[in-house]
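Visitor: Right, I'll just put the structure down here and ask away after.
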Amino acid sequence: MTTGTAATPSDTERREMRRVAFATVIGTTIEWYDFFLYASAAGLVFGTLFFEPAGSSIGTLLAFATVGISFLFRPLGAFLAGHFGDKIGRKAMLVVTLMLMGGATTLIGLLPTYETIGIAAPVLLVLLRILQGLSTGGEWGGAVLMAVEHAPAGRRGRMGAFPQIGVPVGLLLASGVLALMTGVISPGDAFVAWGWRIPFLLSVVLIGVGIMVRRRVEESPVFLEIAEKKAAAKTPILTLFRKHWLLVLLAALTFAGNNAAGYMTTGGYLQNYATTPVADGGLVGMDRTPVLLAVAGASVVWLVCTFAAGALSDRIGRRNTYIIGWIAFLATVFLLFPLVNTGDPWLLFLGVSLFAVGNGFTYGQQAAYFTELFPASIRYSGVSITYAIGAILGGAFAPTIAAWLVQTTGTATSVAYYIAGVMVVAFAATLLLRDRTGIPLGPEHEAEQSASPIYGVGRA
């Protein structure tokens, strides 16, 4: 398999690329289905079921805080998966993270509520959410490296987009299943009583499918070269922060802008904002089912734009594709909430779909972008930890901050300014990084990969 050239792949290599693409998109879809399912349920019912004594407003803030808590443990998951992924391989860590996520999600579906076991209920909920955070911290890096490191130089953006589209597919699946439960199988009080549990319990079936698919793919060719040459760093984490700490920070900031904006929907905030009854302090008061369907529909737009961004970045470069995405984001950020505030499901769908364009064009190329930023010997650690830090800086408490801003100011305009501010910082970080599209990825090019991609710092 070619790892640093633009050579046309052979038929055997094409078949393996298809298997890798399928395995990474299936695995990340399942992983993010579990993750987003929790976030949506936090916005819809967890405040009532697990934080009942706190009251409606505080219960909502506490439920969203549990969404954010898991982000604090992503770096630990990234440290562990990055260390072992750089030492023993990408494939093994992908199976471990998938099992961890699926087990935690299934147990949430079996968890008694506050009414049944009191304070133990939210404590157990937080512990299981932490396990989800550990899994997510290690999952993404392994999935994108498996995809990008299998690809020729001229197709990395496209191949890297496959694990990326698992995110909108996961949101589509989570929102679709929840909409089925709220609208058909367990509408009204039945959803609060038991219907919310069914999507969590489905995870055990999905995980079995994901593990079976992932075990069939071959290990990353770049890692096999690293193992053959014994080129892995002895302490990848220490090497990463000693030599590349500024790169980690800037790359994390590029992701923070995407993550803060994306978690308005994937973090469950928009679902809560649109469905909270006016009598309970809400501003819109829509039914759950049309809101979930609108988010599911907009996930399709996000999916298409994500894949388009990955493919486009192979032609015009990762950095230029990011710039298109930031401009699209900033052009639509102040349209989102006015469209949601109409209470019309179709206008809500329009607003979230317009927002999804920027979301896709600042996400589809990220797998190839991050992979090309870091040297082969510490790459798993580099991409995983950068992704985890960016998630903390951007999305971890974005829903909680948004809920607090609306409760404090009485308007969602403050949320739009908050998101725009994070985007501007991310845009600036993007401009400070050189485009390394097509750089050789193998360990024999470690010196070239270690040259600083930051303008004005080190070697070009």
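In the structure tokens, chains take the letters A, B, ... in the order shown, each chain's residues start at 1, and ligands count up from 1 in the order shown.
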Do a neighbour search on Phe64 (chain A) at 10 Å with only C-alpha atoms, toss out local chain neighbours closer than 2 positions, and write the hits as a ChimeraX atom specification.
Guide: /A:39-43,46-47,58-62,66-69,267-269,272,396-403
Visitor: Can those selected residues be exported to a file as a PDB file, in the first residue's frame so that it contains C-alpha atoms?
Guide:
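Saved the output as part06.pdb:
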```pdb
ATOM      1  CA  ALA A  39     -26.948  14.313  24.660  1.00  0.00           C
ATOM      2  CA  SER A  40     -30.432  14.335  23.106  1.00  0.00           C
ATOM      3  CA  ALA A  41     -31.919  12.472  26.064  1.00  0.00           C
ATOM      4  CA  ALA A  42     -30.231  14.968  28.402  1.00  0.00           C
ATOM      5  CA  GLY A  43     -32.030  17.776  26.606  1.00  0.00           C
ATOM      6  CA  PHE A  46     -32.726  13.566  31.988  1.00  0.00           C
ATOM      7  CA  GLY A  47     -33.315  16.830  33.848  1.00  0.00           C
ATOM      8  CA  ILE A  58     -31.477  23.964  37.315  1.00  0.00           C
ATOM      9  CA  GLY A  59     -32.234  20.353  36.389  1.00  0.00           C
ATOM     10  CA  THR A  60     -31.717  21.249  32.721  1.00  0.00           C
ATOM     11  CA  LEU A  61     -28.375  22.917  33.487  1.00  0.00           C
ATOM     12  CA  LEU A  62     -27.258  19.875  35.515  1.00  0.00           C
ATOM     13  CA  THR A  66     -23.244  15.797  32.557  1.00  0.00           C
ATOM     14  CA  VAL A  67     -22.891  16.087  28.776  1.00  0.00           C
ATOM     15  CA  GLY A  68     -19.888  18.337  29.321  1.00  0.00           C
ATOM     16  CA  ILE A  69     -18.310  16.272  32.114  1.00  0.00           C
ATOM     17  CA  GLY A 267     -25.185  18.371  22.444  1.00  0.00           C
ATOM     18  CA  GLY A 268     -28.969  18.424  22.784  1.00  0.00           C
ATOM     19  CA  TYR A 269     -29.259  22.168  23.422  1.00  0.00           C
ATOM     20  CA  ASN A 272     -34.238  21.411  24.656  1.00  0.00           C
ATOM     21  CA  ALA A 396     -17.772  20.435  26.350  1.00  0.00           C
ATOM     22  CA  PHE A 397     -19.939  23.003  28.067  1.00  0.00           C
ATOM     23  CA  ALA A 398     -21.353  24.822  25.044  1.00  0.00           C
ATOM     24  CA  PRO A 399     -24.923  23.592  25.758  1.00  0.00           C
ATOM     25  CA  THR A 400     -24.585  24.576  29.436  1.00  0.00           C
ATOM     26  CA  ILE A 401     -23.208  28.012  28.532  1.00  0.00           C
ATOM     27  CA  ALA A 402     -25.978  28.502  25.959  1.00  0.00           C
ATOM     28  CA  ALA A 403     -28.676  27.544  28.482  1.00  0.00           C
TER      29      ALA A 403
END
```
Visitor: Select from region 337-444 of chain A every residue with an atom at most 12 Å from any atom of region 135-159 of chain A, then for each give the shortest pair of atoms and their distance in Å to one decimal, using only C-alpha atoms, rows by chain and rising number, as a Markdown table.
Guide:
```
| residue | atom | partner | partner_atom | distance |
| --- | --- | --- | --- | --- |
| A:Phe361 | CA | A:Gly157 | CA | 11.9 |
| A:Tyr363 | CA | A:Gly157 | CA | 10.7 |
| A:Gly364 | CA | A:Gly157 | CA | 7.6 |
| A:Gln365 | CA | A:Gly157 | CA | 5.5 |
| A:Gln366 | CA | A:Gly157 | CA | 8.2 |
| A:Ala367 | CA | A:Val144 | CA | 5.4 |
| A:Ala368 | CA | A:Gly157 | CA | 5.3 |
| A:Tyr369 | CA | A:Gly157 | CA | 7.9 |
| A:Phe370 | CA | A:Val144 | CA | 9.0 |
| A:Thr371 | CA | A:Leu145 | CA | 6.8 |
| A:Glu372 | CA | A:Val148 | CA | 9.2 |
| A:Phe374 | CA | A:Leu145 | CA | 11.3 |
| A:Ala376 | CA | A:Glu149 | CA | 9.9 |
| A:Ile378 | CA | A:Gly141 | CA | 11.5 |
| A:Arg379 | CA | A:Leu145 | CA | 8.3 |
| A:Tyr380 | CA | A:Gly141 | CA | 5.9 |
| A:Ser381 | CA | A:Gly141 | CA | 7.8 |
| A:Gly382 | CA | A:Gly141 | CA | 8.4 |
| A:Val383 | CA | A:Gly141 | CA | 5.6 |
| A:Ser384 | CA | A:Gly141 | CA | 4.6 |
| A:Ile385 | CA | A:Gly137 | CA | 7.6 |
| A:Thr386 | CA | A:Gly141 | CA | 9.4 |
| A:Tyr387 | CA | A:Gly137 | CA | 7.8 |
| A:Ala388 | CA | A:Gly137 | CA | 5.9 |
| A:Ile389 | CA | A:Gly137 | CA | 9.5 |
| A:Gly390 | CA | A:Gly137 | CA | 11.0 |
| A:Ala391 | CA | A:Gly137 | CA | 9.4 |
| A:Ile392 | CA | A:Gly137 | CA | 10.7 |
| A:Arg436 | CA | A:Ala153 | CA | 10.9 |
| A:Thr437 | CA | A:Ala153 | CA | 8.0 |
| A:Gly438 | CA | A:Ala153 | CA | 5.0 |
| A:Ile439 | CA | A:Ala153 | CA | 7.4 |
| A:Pro440 | CA | A:Ala153 | CA | 7.5 |
| A:Leu441 | CA | A:Glu149 | CA | 7.3 |
| A:Gly442 | CA | A:Glu149 | CA | 8.7 |
| A:Pro443 | CA | A:Glu149 | CA | 11.6 |
```
Visitor: Can you pull out the residues contacting Leu98 (chain A)? Cut-off 7 Å, using only C-alpha atoms, and skip same-chain residues under 3 positions away; I want them as an MDAnalysis selection string.
Guide: chainID A and resid 31 94:95 101:102 207
Visitor: Name the residues of region 302-422 of chain A that come out as alpha helix (DSSP H) in a backbone DSSP run; write them as number ranges by chain.
Guide: A: 302-316, 318-332, 336-341, 345-361, 366-373, 379-394, 398-409, 413-422
Visitor: Taking into account only C-alpha atoms, which residue in the set A:Ile88, A:Leu253, A:Val177, A:Val213 is nearest to Leu431 (chain A)?
Guide: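 Among the listed residues, A:Leu253 lies closest to Leu431 (chain A).
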Visitor: Have a look at A:Gly297, A:Gly410, A:Pro163, A:Gly343 and name the one nearest to Ala179 (chain A); count only C-alpha atoms.
Guide: A:Gly297
Visitor: Out of A:Gly195, A:Gly395, A:Gly103, A:Gly351, which residue has the shortest atom-to-atom distance to Arg129 (chain A) when counting only C-alpha atoms?
Guide: A:Gly103
Visitor: With only C-alpha atoms as the atoms that count, which of A:Thr28, A:Ser220, A:Asn259, A:Ser450 lies nearest to Asp86 (chain A)?
Guide: A:Ser220
Visitor: Any idea what's packed within 7 Å of Ala296 (chain A), counting only C-alpha atoms, ignoring anything in its chain fewer than 3 positions away? Could you give it as a PyMOL selection string?
Guide: chain A and resi 171-172+175-176+292-293+299
Visitor: Hey, which of A:Ala261, A:Ile323, A:Ala294, A:Leu249 ends up closest to Ala420 (chain A)? Count only C-alpha atoms.
Guide: A:Ala261
Visitor: With distances taken over only C-alpha atoms, which residue among A:Ala78, A:Ala23, A:Leu240, A:Leu348 lies nearest Leu373 (chain A)?
Guide: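 Checking each candidate against Leu373 (chain A), we get A:Leu240 as the closest.
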Visitor: At a cut-off of 7 Å, using only C-alpha atoms, what residues contact Ala429 (chain A)? Leave out same-chain residues fewer than 4 positions from it and give the result as number ranges by chain.
Guide: A: 250, 253-254, 425, 433
Visitor: Can you spit out the residues from that selection as an mmCIF file, in the first residue's frame, using N, CA and C atoms?
Guide:
```cif
data_model
loop_
_atom_site.group_PDB
_atom_site.id
_atom_site.type_symbol
_atom_site.label_atom_id
_atom_site.label_comp_id
_atom_site.auth_asym_id
_atom_site.auth_seq_id
_atom_site.Cartn_x
_atom_site.Cartn_y
_atom_site.Cartn_z
ATOM 1 N N LEU A 250 -2.988 25.175 18.591
ATOM 2 C CA LEU A 250 -3.592 25.840 17.435
ATOM 3 C C LEU A 250 -4.555 24.902 16.695
ATOM 4 N N LEU A 253 -7.722 24.592 18.601
ATOM 5 C CA LEU A 253 -8.590 25.767 18.462
ATOM 6 C C LEU A 253 -9.388 25.719 17.155
ATOM 7 N N THR A 254 -8.786 25.157 16.085
ATOM 8 C CA THR A 254 -9.562 25.042 14.842
ATOM 9 C C THR A 254 -10.767 24.136 15.041
ATOM 10 N N VAL A 425 -12.037 32.935 16.668
ATOM 11 C CA VAL A 425 -10.770 32.432 17.211
ATOM 12 C C VAL A 425 -10.280 31.234 16.394
ATOM 13 N N LEU A 433 -1.797 28.224 10.493
ATOM 14 C CA LEU A 433 -1.226 26.916 10.166
ATOM 15 C C LEU A 433 -1.041 26.766 8.660
#
```
Visitor: Using only C-alpha atoms, which residues sit within 12 Å of Pro168 (chain A) once same-chain residues fewer than 3 positions away are excluded, as a ChimeraX atom specification?
Guide: /A:25-26,28-33,35-36,161-165,171-176,262-263,265-266,295-307,353,356-357,359-360,363-364
Visitor: May I ask for the distance between CA of Leu247 (chain A) and CA of Pro453 (chain A), given in Å to one decimal place?
Guide: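 A separation of 7.7 Å between them.
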Visitor: Name the residues in contact with Arg197 (chain A) at a cut-off of 8 Å, using only C-alpha atoms, excluding same-chain residues fewer than 4 positions from it; report them as an mmCIF file with C-alpha atoms, in the first residue's frame.
Guide:
```cif
data_model
loop_
_atom_site.group_PDB
_atom_site.id
_atom_site.type_symbol
_atom_site.label_atom_id
_atom_site.label_comp_id
_atom_site.auth_asym_id
_atom_site.auth_seq_id
_atom_site.Cartn_x
_atom_site.Cartn_y
_atom_site.Cartn_z
ATOM 1 C CA ILE A 108 -27.610 3.785 30.933
ATOM 2 C CA GLY A 109 -30.720 2.199 29.390
ATOM 3 C CA LEU A 110 -31.018 -0.025 32.490
ATOM 4 C CA LEU A 201 -30.627 -0.811 24.872
#
```
